[in-house]
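Novice: So that you have it, the file is coords-v8.cif, and it contains mmCIF, C-alpha atoms and all ligand atoms:
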data_data
#
loop_
_atom_site.label_atom_id
_atom_site.label_comp_id
_atom_site.auth_asym_id
_atom_site.auth_seq_id
_atom_site.Cartn_x
_atom_site.Cartn_y
_atom_site.Cartn_z
CA MET O 20 -189.63 70.14 24.32
CA ASN O 21 -190.69 72.75 26.83
CA GLU O 22 -191.59 70.70 29.91
CA ILE O 23 -193.96 73.27 31.34
CA ALA O 24 -195.79 74.06 28.10
CA ASN O 25 -198.80 72.12 29.37
CA ALA O 26 -198.94 73.66 32.82
CA PRO O 27 -202.21 75.43 33.66
CA SER O 28 -202.15 79.11 32.91
CA ARG O 29 -204.07 81.60 35.03
CA ALA O 30 -205.76 83.11 32.02
CA GLU O 31 -207.24 79.74 30.97
CA THR O 32 -210.70 80.29 29.52
CA ARG O 33 -211.49 76.88 28.08
CA PRO O 34 -214.43 74.92 29.55
CA PRO O 35 -213.49 72.61 32.48
CA LYS O 36 -214.18 69.36 30.62
CA VAL O 37 -211.90 70.33 27.75
CA LEU O 38 -209.23 71.29 30.24
CA LEU O 39 -209.62 68.13 32.28
CA ASP O 40 -209.28 65.97 29.17
CA HIS O 41 -206.22 67.96 28.18
CA TYR O 42 -204.60 67.61 31.61
CA LEU O 43 -205.36 63.89 31.84
CA LYS O 44 -203.74 63.46 28.46
CA THR O 45 -200.70 65.46 29.58
CA LEU O 46 -200.47 63.33 32.72
CA ARG O 47 -200.77 60.19 30.56
CA LEU O 48 -203.89 58.85 32.23
CA PRO O 49 -205.84 57.51 29.23
CA SER O 50 -208.10 55.15 31.18
CA PHE O 51 -208.94 57.87 33.66
CA LYS O 52 -209.86 60.14 30.76
CA ARG O 53 -211.90 57.48 28.98
CA GLU O 54 -213.78 56.36 32.10
CA TYR O 55 -214.42 59.34 34.34
CA GLU O 56 -217.83 60.25 32.95
CA LYS O 57 -219.15 56.72 32.81
CA GLN O 58 -217.81 55.96 36.31
CA ALA O 59 -219.38 59.16 37.63
CA GLY O 60 -222.75 57.95 36.41
CA LEU O 61 -222.22 54.55 38.02
CA ALA O 62 -221.01 56.11 41.27
CA ALA O 63 -224.06 58.40 41.43
CA LYS O 64 -226.37 55.45 40.86
CA ALA O 65 -224.64 53.36 43.55
CA GLY O 66 -224.40 56.30 45.96
CA ASP O 67 -220.58 56.02 46.15
CA ASP O 68 -218.65 58.97 47.57
CA HIS O 69 -215.83 60.78 45.78
CA VAL O 70 -213.13 58.64 47.40
CA LYS O 71 -214.69 55.45 46.06
CA TYR O 72 -215.14 57.10 42.69
CA LEU O 73 -211.51 58.20 42.50
CA LEU O 74 -210.33 54.85 43.78
CA ARG O 75 -212.19 53.07 40.99
CA LEU O 76 -210.67 55.37 38.37
CA THR O 77 -207.12 54.99 39.68
CA GLU O 78 -207.56 51.22 39.83
CA LEU O 79 -208.69 51.15 36.21
CA GLU O 80 -205.69 53.23 35.22
CA LEU O 81 -203.31 50.90 37.07
CA ILE O 82 -204.82 47.75 35.55
CA ASP O 83 -204.67 49.21 32.04
CA ARG O 84 -201.14 50.46 32.61
CA GLU O 85 -200.02 46.96 33.63
CA GLN O 86 -201.69 45.50 30.54
CA ARG O 87 -200.02 48.08 28.31
CA LEU O 88 -196.64 47.18 29.82
CA ILE O 89 -197.28 43.48 29.21
CA ASP O 90 -198.28 44.16 25.61
CA ARG O 91 -195.14 46.24 25.17
CA ARG O 92 -192.98 43.48 26.64
CA ILE O 93 -194.54 40.90 24.31
CA ARG O 94 -193.96 43.09 21.25
CA ALA O 95 -190.39 43.87 22.31
CA ALA O 96 -189.59 40.19 22.90
CA LYS O 97 -190.04 39.50 19.16
CA PHE O 98 -191.52 36.05 19.68
CA PRO O 99 -191.97 34.22 16.34
CA ALA O 100 -195.41 33.25 17.67
CA VAL O 101 -197.22 33.91 20.91
CA LYS O 102 -197.73 30.51 22.54
CA SER O 103 -198.74 29.83 26.08
CA LEU O 104 -198.09 26.82 28.29
CA ASP O 105 -201.89 26.49 28.57
CA THR O 106 -201.94 25.04 25.06
CA PHE O 107 -199.05 22.66 25.75
CA ASP O 108 -200.06 19.02 26.12
CA PHE O 109 -197.77 17.66 28.83
CA LYS O 110 -199.19 14.17 28.40
CA ALA O 111 -197.65 14.02 24.93
CA ILE O 112 -194.12 14.23 26.35
CA ALA O 113 -193.58 11.97 29.35
CA SER O 114 -189.90 12.87 29.81
CA LEU O 115 -190.71 16.51 30.53
CA ASN O 116 -191.03 17.42 34.20
CA LYS O 117 -194.39 19.20 34.21
CA SER O 118 -194.18 20.47 37.77
CA LEU O 119 -190.73 21.93 37.09
CA VAL O 120 -192.08 23.78 34.03
CA GLN O 121 -195.02 25.10 36.09
CA GLU O 122 -192.65 26.20 38.82
CA LEU O 123 -190.44 27.96 36.25
CA ALA O 124 -193.53 29.69 34.83
CA ARG O 125 -193.70 31.58 38.15
CA CYS O 126 -190.41 33.20 37.07
CA GLU O 127 -188.67 33.09 40.44
CA TYR O 128 -185.61 31.64 38.69
CA ILE O 129 -185.32 34.99 36.91
CA ASP O 130 -185.03 36.80 40.24
CA ARG O 131 -182.34 34.29 41.15
CA ARG O 132 -180.67 34.80 37.74
CA GLU O 133 -180.74 31.09 36.97
CA ASN O 134 -180.69 29.56 33.50
CA ILE O 135 -182.71 26.96 31.65
CA ILE O 136 -181.62 24.48 29.03
CA ALA O 137 -184.34 22.68 27.07
CA LEU O 138 -182.76 19.63 25.52
CA GLY O 139 -184.22 17.20 23.01
CA PRO O 140 -184.65 16.18 19.40
CA SER O 141 -186.58 18.12 16.82
CA GLY O 142 -190.34 18.57 17.14
CA THR O 143 -190.60 17.67 20.82
CA GLY O 144 -191.88 21.07 21.91
CA LYS O 145 -188.70 22.88 23.01
CA THR O 146 -189.58 26.10 21.22
CA HIS O 147 -193.18 25.92 22.45
CA VAL O 148 -192.04 25.57 26.08
CA ALA O 149 -189.51 28.38 25.60
CA LEU O 150 -192.23 30.62 24.14
CA GLY O 151 -194.56 29.75 27.01
CA LEU O 152 -191.94 30.59 29.62
CA GLY O 153 -191.07 33.78 27.73
CA LEU O 154 -194.70 34.82 27.69
CA ALA O 155 -195.01 34.09 31.41
CA ALA O 156 -192.07 36.41 32.06
CA CYS O 157 -193.62 39.16 29.91
CA GLN O 158 -196.86 38.77 31.85
CA ARG O 159 -194.88 39.56 34.98
CA GLY O 160 -193.67 42.72 33.30
CA LEU O 161 -190.13 41.48 32.74
CA ALA O 162 -188.01 42.43 29.72
CA VAL O 163 -187.61 39.36 27.51
CA GLY O 164 -185.86 38.77 24.19
CA PHE O 165 -186.29 35.84 21.85
CA THR O 166 -183.81 34.91 19.14
CA THR O 167 -182.23 31.90 17.53
CA ALA O 168 -178.54 31.20 18.01
CA ALA O 169 -177.93 31.69 14.28
CA SER O 170 -179.65 35.05 14.07
CA LEU O 171 -178.12 36.29 17.32
CA VAL O 172 -174.65 35.50 15.97
CA HIS O 173 -175.58 37.19 12.71
CA GLU O 174 -176.77 40.29 14.57
CA LEU O 175 -173.65 40.38 16.74
CA MET O 176 -171.34 40.15 13.72
CA GLU O 177 -173.29 42.84 11.89
CA ALA O 178 -173.21 45.09 14.95
CA ARG O 179 -169.47 44.55 15.28
CA ASP O 180 -168.88 45.44 11.62
CA GLU O 181 -170.97 48.58 12.05
CA LYS O 182 -169.19 49.51 15.28
CA ARG O 183 -172.29 49.26 17.44
CA LEU O 184 -171.47 46.01 19.19
CA LEU O 185 -171.28 47.65 22.58
CA ARG O 186 -174.76 49.09 22.18
CA LEU O 187 -176.23 45.73 21.19
CA GLN O 188 -174.43 44.01 24.06
CA ARG O 189 -175.87 46.58 26.43
CA GLN O 190 -179.38 46.03 25.06
CA LEU O 191 -178.98 42.28 25.53
CA ALA O 192 -177.66 42.77 29.04
CA ASN O 193 -180.79 44.73 29.94
CA LEU O 194 -183.03 41.73 29.23
CA LYS O 195 -184.10 39.85 32.33
CA LEU O 196 -184.57 36.75 30.19
CA LEU O 197 -182.83 36.05 26.90
CA ILE O 198 -184.14 33.04 24.99
CA ILE O 199 -181.68 31.56 22.53
CA ASP O 200 -183.48 28.99 20.41
CA GLU O 201 -181.89 26.27 18.30
CA LEU O 202 -178.36 26.28 19.58
CA GLY O 203 -176.44 23.62 17.71
CA PHE O 204 -178.36 23.58 14.46
CA VAL O 205 -175.52 25.25 12.61
CA PRO O 206 -171.83 25.21 13.49
CA LEU O 207 -170.47 28.67 14.30
CA SER O 208 -167.51 30.50 12.88
CA LYS O 209 -164.66 31.28 15.26
CA THR O 210 -165.76 34.90 15.60
CA GLY O 211 -169.41 33.86 15.89
CA ALA O 212 -168.59 31.45 18.70
CA GLU O 213 -166.55 34.08 20.52
CA LEU O 214 -169.27 36.70 20.25
CA LEU O 215 -171.90 34.26 21.49
CA PHE O 216 -169.62 33.25 24.33
CA GLU O 217 -169.36 36.89 25.34
CA VAL O 218 -173.15 37.12 25.57
CA PHE O 219 -173.26 34.16 27.96
CA SER O 220 -170.35 35.54 29.87
CA GLN O 221 -171.97 38.96 30.31
CA ARG O 222 -175.21 37.39 31.51
CA TYR O 223 -173.58 35.03 33.96
CA GLU O 224 -175.06 35.59 37.44
CA ARG O 225 -176.58 38.86 36.19
CA ALA O 226 -179.61 37.72 34.21
CA SER O 227 -181.27 34.54 33.01
CA THR O 228 -180.71 32.77 29.72
CA LEU O 229 -182.90 30.03 28.28
CA VAL O 230 -181.27 27.87 25.63
CA THR O 231 -183.00 25.26 23.52
CA THR O 232 -180.82 22.71 21.82
CA ASN O 233 -180.91 19.34 20.10
CA LEU O 234 -177.31 18.67 21.11
CA PRO O 235 -176.16 16.74 24.16
CA PHE O 236 -173.45 18.65 26.05
CA ASP O 237 -170.62 16.41 24.82
CA GLU O 238 -171.36 17.56 21.28
CA TRP O 239 -171.28 21.29 21.96
CA THR O 240 -167.58 21.48 21.16
CA GLU O 241 -168.43 20.72 17.53
CA VAL O 242 -170.65 23.81 17.37
CA PHE O 243 -168.30 26.17 19.16
CA GLY O 244 -165.16 24.80 17.56
CA SER O 245 -162.95 25.22 20.59
CA GLU O 246 -162.91 22.85 23.55
CA ARG O 247 -161.63 25.59 25.86
CA LEU O 248 -164.41 28.00 24.86
CA THR O 249 -167.11 25.33 25.13
CA GLY O 250 -165.86 24.31 28.56
CA ALA O 251 -165.92 27.90 29.80
CA LEU O 252 -169.35 28.49 28.29
CA LEU O 253 -170.91 25.35 29.75
CA ASP O 254 -169.33 26.21 33.06
CA ARG O 255 -171.16 29.55 33.18
CA LEU O 256 -174.40 28.38 31.65
CA THR O 257 -174.79 25.30 33.84
CA HIS O 258 -173.61 26.76 37.16
CA HIS O 259 -177.23 27.62 38.08
CA VAL O 260 -179.37 25.74 35.62
CA HIS O 261 -182.67 23.92 35.28
CA ILE O 262 -182.58 21.21 32.65
CA LEU O 263 -185.76 20.37 30.78
CA GLU O 264 -185.50 17.07 28.98
CA LEU O 265 -187.77 16.57 26.03
CA ASN O 266 -187.12 13.10 24.80
CA GLY O 267 -189.72 11.55 22.62
CA ASP O 268 -191.23 11.49 19.20
CA SER O 269 -191.85 14.63 17.23
CA TYR O 270 -195.22 16.07 18.27
CA ARG O 271 -195.93 17.17 14.71
CA LEU O 272 -195.18 13.73 13.33
CA THR O 273 -197.27 11.98 15.97
CA GLU O 274 -200.18 14.37 15.38
CA ALA O 275 -199.92 13.90 11.61
CA LYS O 276 -199.91 10.12 12.06
CA LYS O 277 -202.93 10.32 14.36
CA LYS O 278 -204.79 12.42 11.81
CA ARG O 279 -203.92 10.05 9.00
CA ARG O 280 -205.07 7.08 11.08
CA ALA O 281 -208.32 8.84 11.93
CA ALA O 282 -208.87 9.74 8.28
CA SER O 283 -208.26 6.21 7.04
CA ALA O 284 -210.50 4.83 9.79
CA SER O 285 -213.34 7.13 8.76
CA ASN O 286 -212.71 6.28 5.10
CA ALA O 287 -212.93 2.57 5.92
CA GLU O 288 -216.15 3.20 7.85
CA ALA O 289 -217.60 5.12 4.91
CA ALA O 290 -216.66 2.27 2.58
CA THR O 291 -218.35 -0.41 4.72
CA SER O 292 -221.44 1.65 5.45
CA GLY O 293 -221.81 3.01 1.93
P1 LIG O 301 -188.99 21.85 18.74
O1 LIG O 301 -188.67 23.27 19.04
O2 LIG O 301 -188.60 20.91 19.85
O3 LIG O 301 -188.48 21.40 17.42
P2 LIG O 301 -191.68 22.87 18.61
O4 LIG O 301 -191.86 23.50 19.93
O5 LIG O 301 -191.42 23.77 17.46
O6 LIG O 301 -190.57 21.73 18.68
O7 LIG O 301 -192.96 21.96 18.31
C1 LIG O 301 -193.40 21.67 16.99
C2 LIG O 301 -194.88 21.98 16.87
O8 LIG O 301 -195.64 21.10 17.66
C3 LIG O 301 -195.23 23.38 17.35
O9 LIG O 301 -196.29 23.86 16.58
C4 LIG O 301 -195.68 23.15 18.79
O10 LIG O 301 -196.61 24.15 19.20
C5 LIG O 301 -196.31 21.79 18.71
N1 LIG O 301 -196.10 21.02 19.92
C6 LIG O 301 -195.01 20.30 20.26
N2 LIG O 301 -195.18 19.65 21.40
C7 LIG O 301 -196.41 19.96 21.84
C8 LIG O 301 -197.19 19.57 22.97
N3 LIG O 301 -196.71 18.71 23.89
N4 LIG O 301 -198.44 20.10 23.09
C9 LIG O 301 -198.92 20.94 22.15
N5 LIG O 301 -198.25 21.33 21.06
C10 LIG O 301 -197.01 20.85 20.89
MG MG O 302 -187.67 24.61 17.87
#
What would the structure in this file look like if it were written as structure tokens?
Specialist:
Amino acid sequence: MNEIANAPSRAETRPPKVLLDHYLKTLRLPSFKREYEKQAGLAAKAGDDHVKYLLRLTELELIDREQRLIDRRIRAAKFPAVKSLDTFDFKAIASLNKSLVQELARCEYIDRRENIIALGPSGTGKTHVALGLGLAACQRGLAVGFTTAASLVHELMEARDEKRLLRLQRQLANLKLLIIDELGFVPLSKTGAELLFEVFSQRYERASTLVTTNLPFDEWTEVFGSERLTGALLDRLTHHVHILELNGDSYRLTEAKKKRRAASASNAEAATSG
């Protein structure tokens, strides 16, 4: 595209407002464009000078721009659901270090390129915590990716077959936080394990990885097949790592039981009162 196609021409005859809207669009200042008339009215009413008026407009543009970046980051992360730590009930899982999770939500570990492993049986909230930490990183404008171990391996194999492995690896390397959910649910093929290992290897000390798993470390060899590979992988992953332990009953199961108990209690009450 001709980069200077939108530059003002001397023979411009359009009315100023049409031109201004056009220029603001060209400069990609949508909030400025949307707000300048309304803010002018407000500024006139409040007696604000032009500096205050322009300041207000630029602030609005900056705030909206940040929000648009966050929205873009959230969409790009491909979260299966958007869940925040605000809706996580820490009281339901005593083994989980709440203050550590809150500290991690500040995302300084990402600057330090440290990793996280969330470890525990099914239904204890590992994915929820991972989603919450992923969202927190997006809200700081960081590039995040969410995937499961199985689908990442699938994607890597597909990319390799289609000779675009390098491109995918580069995309993954650009993420400040890669969340790999459900490591250990399915054993990996030899190639799958090697490709996944490469991902960890390329991220080591360059960017953060968050892994959720139901497998204690001594069982990882079964997933990766090779003891040597598992050793090397754990070595990299755990060199700078925060471990979140989620040991307890399944939240879903406990909630379902609670509901059933409440329902039968209210049934019993209805029977005695009715
Ligand atoms: P896991 O990944 O460990 O199997 P999930 O994170 O998928 O568990 O949790 C199962 C369901 O229960 C999800 O809907 C999740 O939002 C919810 N959940 C689990 N733990 C909690 C909790 N402590 N507070 C609120 N919701 C929870
Ligand atoms: Mg899960």
Novice: Write out as a tab-separated table a residue-level contact list of chain O versus ligand MG 302 (chain O) with cut-off 9 Å: for each qualifying residue the closest pair of atoms and the distance in Å to one decimal, counting only C-alpha atoms and all ligand atoms, rows sorted by chain and residue number upward.
Specialist:
residue	atom	partner	partner_atom	distance
O:Ser141	CA	O:MG302	MG	6.7
O:Gly142	CA	O:MG302	MG	6.6
O:Thr143	CA	O:MG302	MG	8.1
O:Gly144	CA	O:MG302	MG	6.8
O:Lys145	CA	O:MG302	MG	5.5
O:Thr146	CA	O:MG302	MG	4.1
O:His147	CA	O:MG302	MG	7.3
O:Ala149	CA	O:MG302	MG	8.8
O:Asp200	CA	O:MG302	MG	6.6
O:Glu201	CA	O:MG302	MG	6.0
O:Thr231	CA	O:MG302	MG	7.4
O:Thr232	CA	O:MG302	MG	8.1
O:Asn233	CA	O:MG302	MG	8.9
Novice: Residues up to 10 Å from ligand LIG 301 (chain O), counting all atoms listed in the file: could you list those as a VMD selection string?
Specialist: chain O and resid 100 to 113 115 137 to 151 200 to 201 231 to 233 265 to 274
Novice: Using the selection just defined, write its residues with C-alpha atoms as a compact mmCIF listing (two decimals), in the coordinates of the input.
Specialist:
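Output file again_15.txt is given in full below:
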# COMPACT_ATOMS: atom_id res chain seq x y z
CA ALA O 100 -195.41 33.25 17.67
CA VAL O 101 -197.22 33.91 20.91
CA LYS O 102 -197.73 30.51 22.54
CA SER O 103 -198.74 29.83 26.08
CA LEU O 104 -198.09 26.82 28.29
CA ASP O 105 -201.89 26.49 28.57
CA THR O 106 -201.94 25.04 25.06
CA PHE O 107 -199.05 22.66 25.75
CA ASP O 108 -200.06 19.02 26.12
CA PHE O 109 -197.77 17.66 28.83
CA LYS O 110 -199.19 14.17 28.40
CA ALA O 111 -197.65 14.02 24.93
CA ILE O 112 -194.12 14.23 26.35
CA ALA O 113 -193.58 11.97 29.35
CA LEU O 115 -190.71 16.51 30.53
CA ALA O 137 -184.34 22.68 27.07
CA LEU O 138 -182.76 19.63 25.52
CA GLY O 139 -184.22 17.20 23.01
CA PRO O 140 -184.65 16.18 19.40
CA SER O 141 -186.58 18.12 16.82
CA GLY O 142 -190.34 18.57 17.14
CA THR O 143 -190.60 17.67 20.82
CA GLY O 144 -191.88 21.07 21.91
CA LYS O 145 -188.70 22.88 23.01
CA THR O 146 -189.58 26.10 21.22
CA HIS O 147 -193.18 25.92 22.45
CA VAL O 148 -192.04 25.57 26.08
CA ALA O 149 -189.51 28.38 25.60
CA LEU O 150 -192.23 30.62 24.14
CA GLY O 151 -194.56 29.75 27.01
CA ASP O 200 -183.48 28.99 20.41
CA GLU O 201 -181.89 26.27 18.30
CA THR O 231 -183.00 25.26 23.52
CA THR O 232 -180.82 22.71 21.82
CA ASN O 233 -180.91 19.34 20.10
CA LEU O 265 -187.77 16.57 26.03
CA ASN O 266 -187.12 13.10 24.80
CA GLY O 267 -189.72 11.55 22.62
CA ASP O 268 -191.23 11.49 19.20
CA SER O 269 -191.85 14.63 17.23
CA TYR O 270 -195.22 16.07 18.27
CA ARG O 271 -195.93 17.17 14.71
CA LEU O 272 -195.18 13.73 13.33
CA THR O 273 -197.27 11.98 15.97
CA GLU O 274 -200.18 14.37 15.38
Novice: Name the residues within 12 Å of (-191.6, 34.3, 37.6), counting all atoms listed in the file in the file's coordinates, and put them as a PyMOL selection string.
Specialist: chain O and resi 120-133+151-163+195-196+227
Novice: Expressed in Å to a single decimal, how great is the separation between CA of Pro49 in chain O and CA of Gln86 in chain O?
Specialist: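 If I compute the distance from CA of Pro49 in chain O to CA of Gln86 in chain O, I get 12.8 Å.
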Novice: Extending 8 Å beyond the listed atoms of range 36-46 of chain O on each side, what axis-aligned box results? I want centre and edge lengths in Å to one decimal, as AutoDock Vina command-line options.
Specialist:
--center_x -207.3 --center_y 67.3 --center_z 30.2 --size_x 29.7 --size_y 24.0 --size_z 21.0
Novice: If I only want range 212-240 of chain O, can you write it with N, CA and C atoms, as a PDB file, in the first residue's frame?
Specialist:
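Resulting contents of result.pdb:
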ATOM      1  N   ALA O 212       7.282 -37.081  22.404  1.00  0.00           N
ATOM      2  CA  ALA O 212       8.066 -36.735  23.591  1.00  0.00           C
ATOM      3  C   ALA O 212       9.251 -35.855  23.212  1.00  0.00           C
ATOM      4  N   GLU O 213       9.895 -36.201  22.104  1.00  0.00           N
ATOM      5  CA  GLU O 213      11.074 -35.429  21.680  1.00  0.00           C
ATOM      6  C   GLU O 213      10.694 -34.000  21.281  1.00  0.00           C
ATOM      7  N   LEU O 214       9.567 -33.886  20.567  1.00  0.00           N
ATOM      8  CA  LEU O 214       9.125 -32.558  20.144  1.00  0.00           C
ATOM      9  C   LEU O 214       8.737 -31.695  21.338  1.00  0.00           C
ATOM     10  N   LEU O 215       8.069 -32.321  22.311  1.00  0.00           N
ATOM     11  CA  LEU O 215       7.677 -31.586  23.510  1.00  0.00           C
ATOM     12  C   LEU O 215       8.916 -31.169  24.303  1.00  0.00           C
ATOM     13  N   PHE O 216       9.876 -32.089  24.357  1.00  0.00           N
ATOM     14  CA  PHE O 216      11.129 -31.778  25.046  1.00  0.00           C
ATOM     15  C   PHE O 216      11.795 -30.547  24.425  1.00  0.00           C
ATOM     16  N   GLU O 217      11.769 -30.498  23.112  1.00  0.00           N
ATOM     17  CA  GLU O 217      12.374 -29.361  22.408  1.00  0.00           C
ATOM     18  C   GLU O 217      11.735 -28.035  22.821  1.00  0.00           C
ATOM     19  N   VAL O 218      10.392 -28.076  22.995  1.00  0.00           N
ATOM     20  CA  VAL O 218       9.682 -26.863  23.415  1.00  0.00           C
ATOM     21  C   VAL O 218      10.216 -26.389  24.771  1.00  0.00           C
ATOM     22  N   PHE O 219      10.317 -27.317  25.707  1.00  0.00           N
ATOM     23  CA  PHE O 219      10.829 -26.970  27.041  1.00  0.00           C
ATOM     24  C   PHE O 219      12.263 -26.463  26.934  1.00  0.00           C
ATOM     25  N   SER O 220      13.010 -27.133  26.105  1.00  0.00           N
ATOM     26  CA  SER O 220      14.416 -26.799  25.957  1.00  0.00           C
ATOM     27  C   SER O 220      14.582 -25.380  25.391  1.00  0.00           C
ATOM     28  N   GLN O 221      13.746 -25.056  24.400  1.00  0.00           N
ATOM     29  CA  GLN O 221      13.846 -23.730  23.782  1.00  0.00           C
ATOM     30  C   GLN O 221      13.371 -22.620  24.715  1.00  0.00           C
ATOM     31  N   ARG O 222      12.523 -22.964  25.674  1.00  0.00           N
ATOM     32  CA  ARG O 222      12.008 -21.942  26.584  1.00  0.00           C
ATOM     33  C   ARG O 222      12.909 -21.749  27.799  1.00  0.00           C
ATOM     34  N   TYR O 223      13.764 -22.731  28.033  1.00  0.00           N
ATOM     35  CA  TYR O 223      14.573 -22.720  29.243  1.00  0.00           C
ATOM     36  C   TYR O 223      15.363 -21.409  29.396  1.00  0.00           C
ATOM     37  N   GLU O 224      15.114 -20.737  30.496  1.00  0.00           N
ATOM     38  CA  GLU O 224      15.760 -19.458  30.834  1.00  0.00           C
ATOM     39  C   GLU O 224      15.486 -18.353  29.815  1.00  0.00           C
ATOM     40  N   ARG O 225      14.516 -18.584  28.918  1.00  0.00           N
ATOM     41  CA  ARG O 225      14.162 -17.535  27.954  1.00  0.00           C
ATOM     42  C   ARG O 225      12.748 -17.029  28.197  1.00  0.00           C
ATOM     43  N   ALA O 226      11.857 -17.948  28.598  1.00  0.00           N
ATOM     44  CA  ALA O 226      10.471 -17.554  28.835  1.00  0.00           C
ATOM     45  C   ALA O 226       9.832 -18.582  29.776  1.00  0.00           C
ATOM     46  N   SER O 227       8.727 -18.172  30.377  1.00  0.00           N
ATOM     47  CA  SER O 227       8.096 -19.007  31.404  1.00  0.00           C
ATOM     48  C   SER O 227       7.169 -20.060  30.820  1.00  0.00           C
ATOM     49  N   THR O 228       7.122 -21.193  31.512  1.00  0.00           N
ATOM     50  CA  THR O 228       6.197 -22.263  31.157  1.00  0.00           C
ATOM     51  C   THR O 228       5.443 -22.664  32.413  1.00  0.00           C
ATOM     52  N   LEU O 229       4.143 -22.835  32.272  1.00  0.00           N
ATOM     53  CA  LEU O 229       3.320 -23.322  33.384  1.00  0.00           C
ATOM     54  C   LEU O 229       2.759 -24.675  32.984  1.00  0.00           C
ATOM     55  N   VAL O 230       3.066 -25.684  33.773  1.00  0.00           N
ATOM     56  CA  VAL O 230       2.601 -27.039  33.468  1.00  0.00           C
ATOM     57  C   VAL O 230       1.620 -27.471  34.553  1.00  0.00           C
ATOM     58  N   THR O 231       0.493 -28.037  34.157  1.00  0.00           N
ATOM     59  CA  THR O 231      -0.350 -28.690  35.155  1.00  0.00           C
ATOM     60  C   THR O 231      -0.277 -30.188  34.907  1.00  0.00           C
ATOM     61  N   THR O 232      -0.222 -30.931  35.995  1.00  0.00           N
ATOM     62  CA  THR O 232      -0.085 -32.379  35.850  1.00  0.00           C
ATOM     63  C   THR O 232      -0.685 -33.111  37.052  1.00  0.00           C
ATOM     64  N   ASN O 233      -1.127 -34.331  36.789  1.00  0.00           N
ATOM     65  CA  ASN O 233      -1.625 -35.177  37.876  1.00  0.00           C
ATOM     66  C   ASN O 233      -0.550 -36.183  38.293  1.00  0.00           C
ATOM     67  N   LEU O 234       0.623 -36.062  37.655  1.00  0.00           N
ATOM     68  CA  LEU O 234       1.671 -37.063  37.877  1.00  0.00           C
ATOM     69  C   LEU O 234       2.787 -36.560  38.769  1.00  0.00           C
ATOM     70  N   PRO O 235       3.104 -37.297  39.836  1.00  0.00           N
ATOM     71  CA  PRO O 235       4.303 -36.959  40.605  1.00  0.00           C
ATOM     72  C   PRO O 235       5.536 -37.155  39.717  1.00  0.00           C
ATOM     73  N   PHE O 236       6.609 -36.404  40.014  1.00  0.00           N
ATOM     74  CA  PHE O 236       7.780 -36.397  39.127  1.00  0.00           C
ATOM     75  C   PHE O 236       8.322 -37.791  38.819  1.00  0.00           C
ATOM     76  N   ASP O 237       8.269 -38.699  39.838  1.00  0.00           N
ATOM     77  CA  ASP O 237       8.876 -40.015  39.600  1.00  0.00           C
ATOM     78  C   ASP O 237       8.078 -40.850  38.587  1.00  0.00           C
ATOM     79  N   GLU O 238       6.909 -40.338  38.191  1.00  0.00           N
ATOM     80  CA  GLU O 238       6.152 -41.078  37.182  1.00  0.00           C
ATOM     81  C   GLU O 238       6.227 -40.453  35.783  1.00  0.00           C
ATOM     82  N   TRP O 239       6.992 -39.371  35.670  1.00  0.00           N
ATOM     83  CA  TRP O 239       7.055 -38.689  34.372  1.00  0.00           C
ATOM     84  C   TRP O 239       7.724 -39.539  33.294  1.00  0.00           C
ATOM     85  N   THR O 240       8.639 -40.404  33.734  1.00  0.00           N
ATOM     86  CA  THR O 240       9.350 -41.257  32.773  1.00  0.00           C
ATOM     87  C   THR O 240       8.355 -42.088  31.960  1.00  0.00           C
TER      88      THR O 240
END
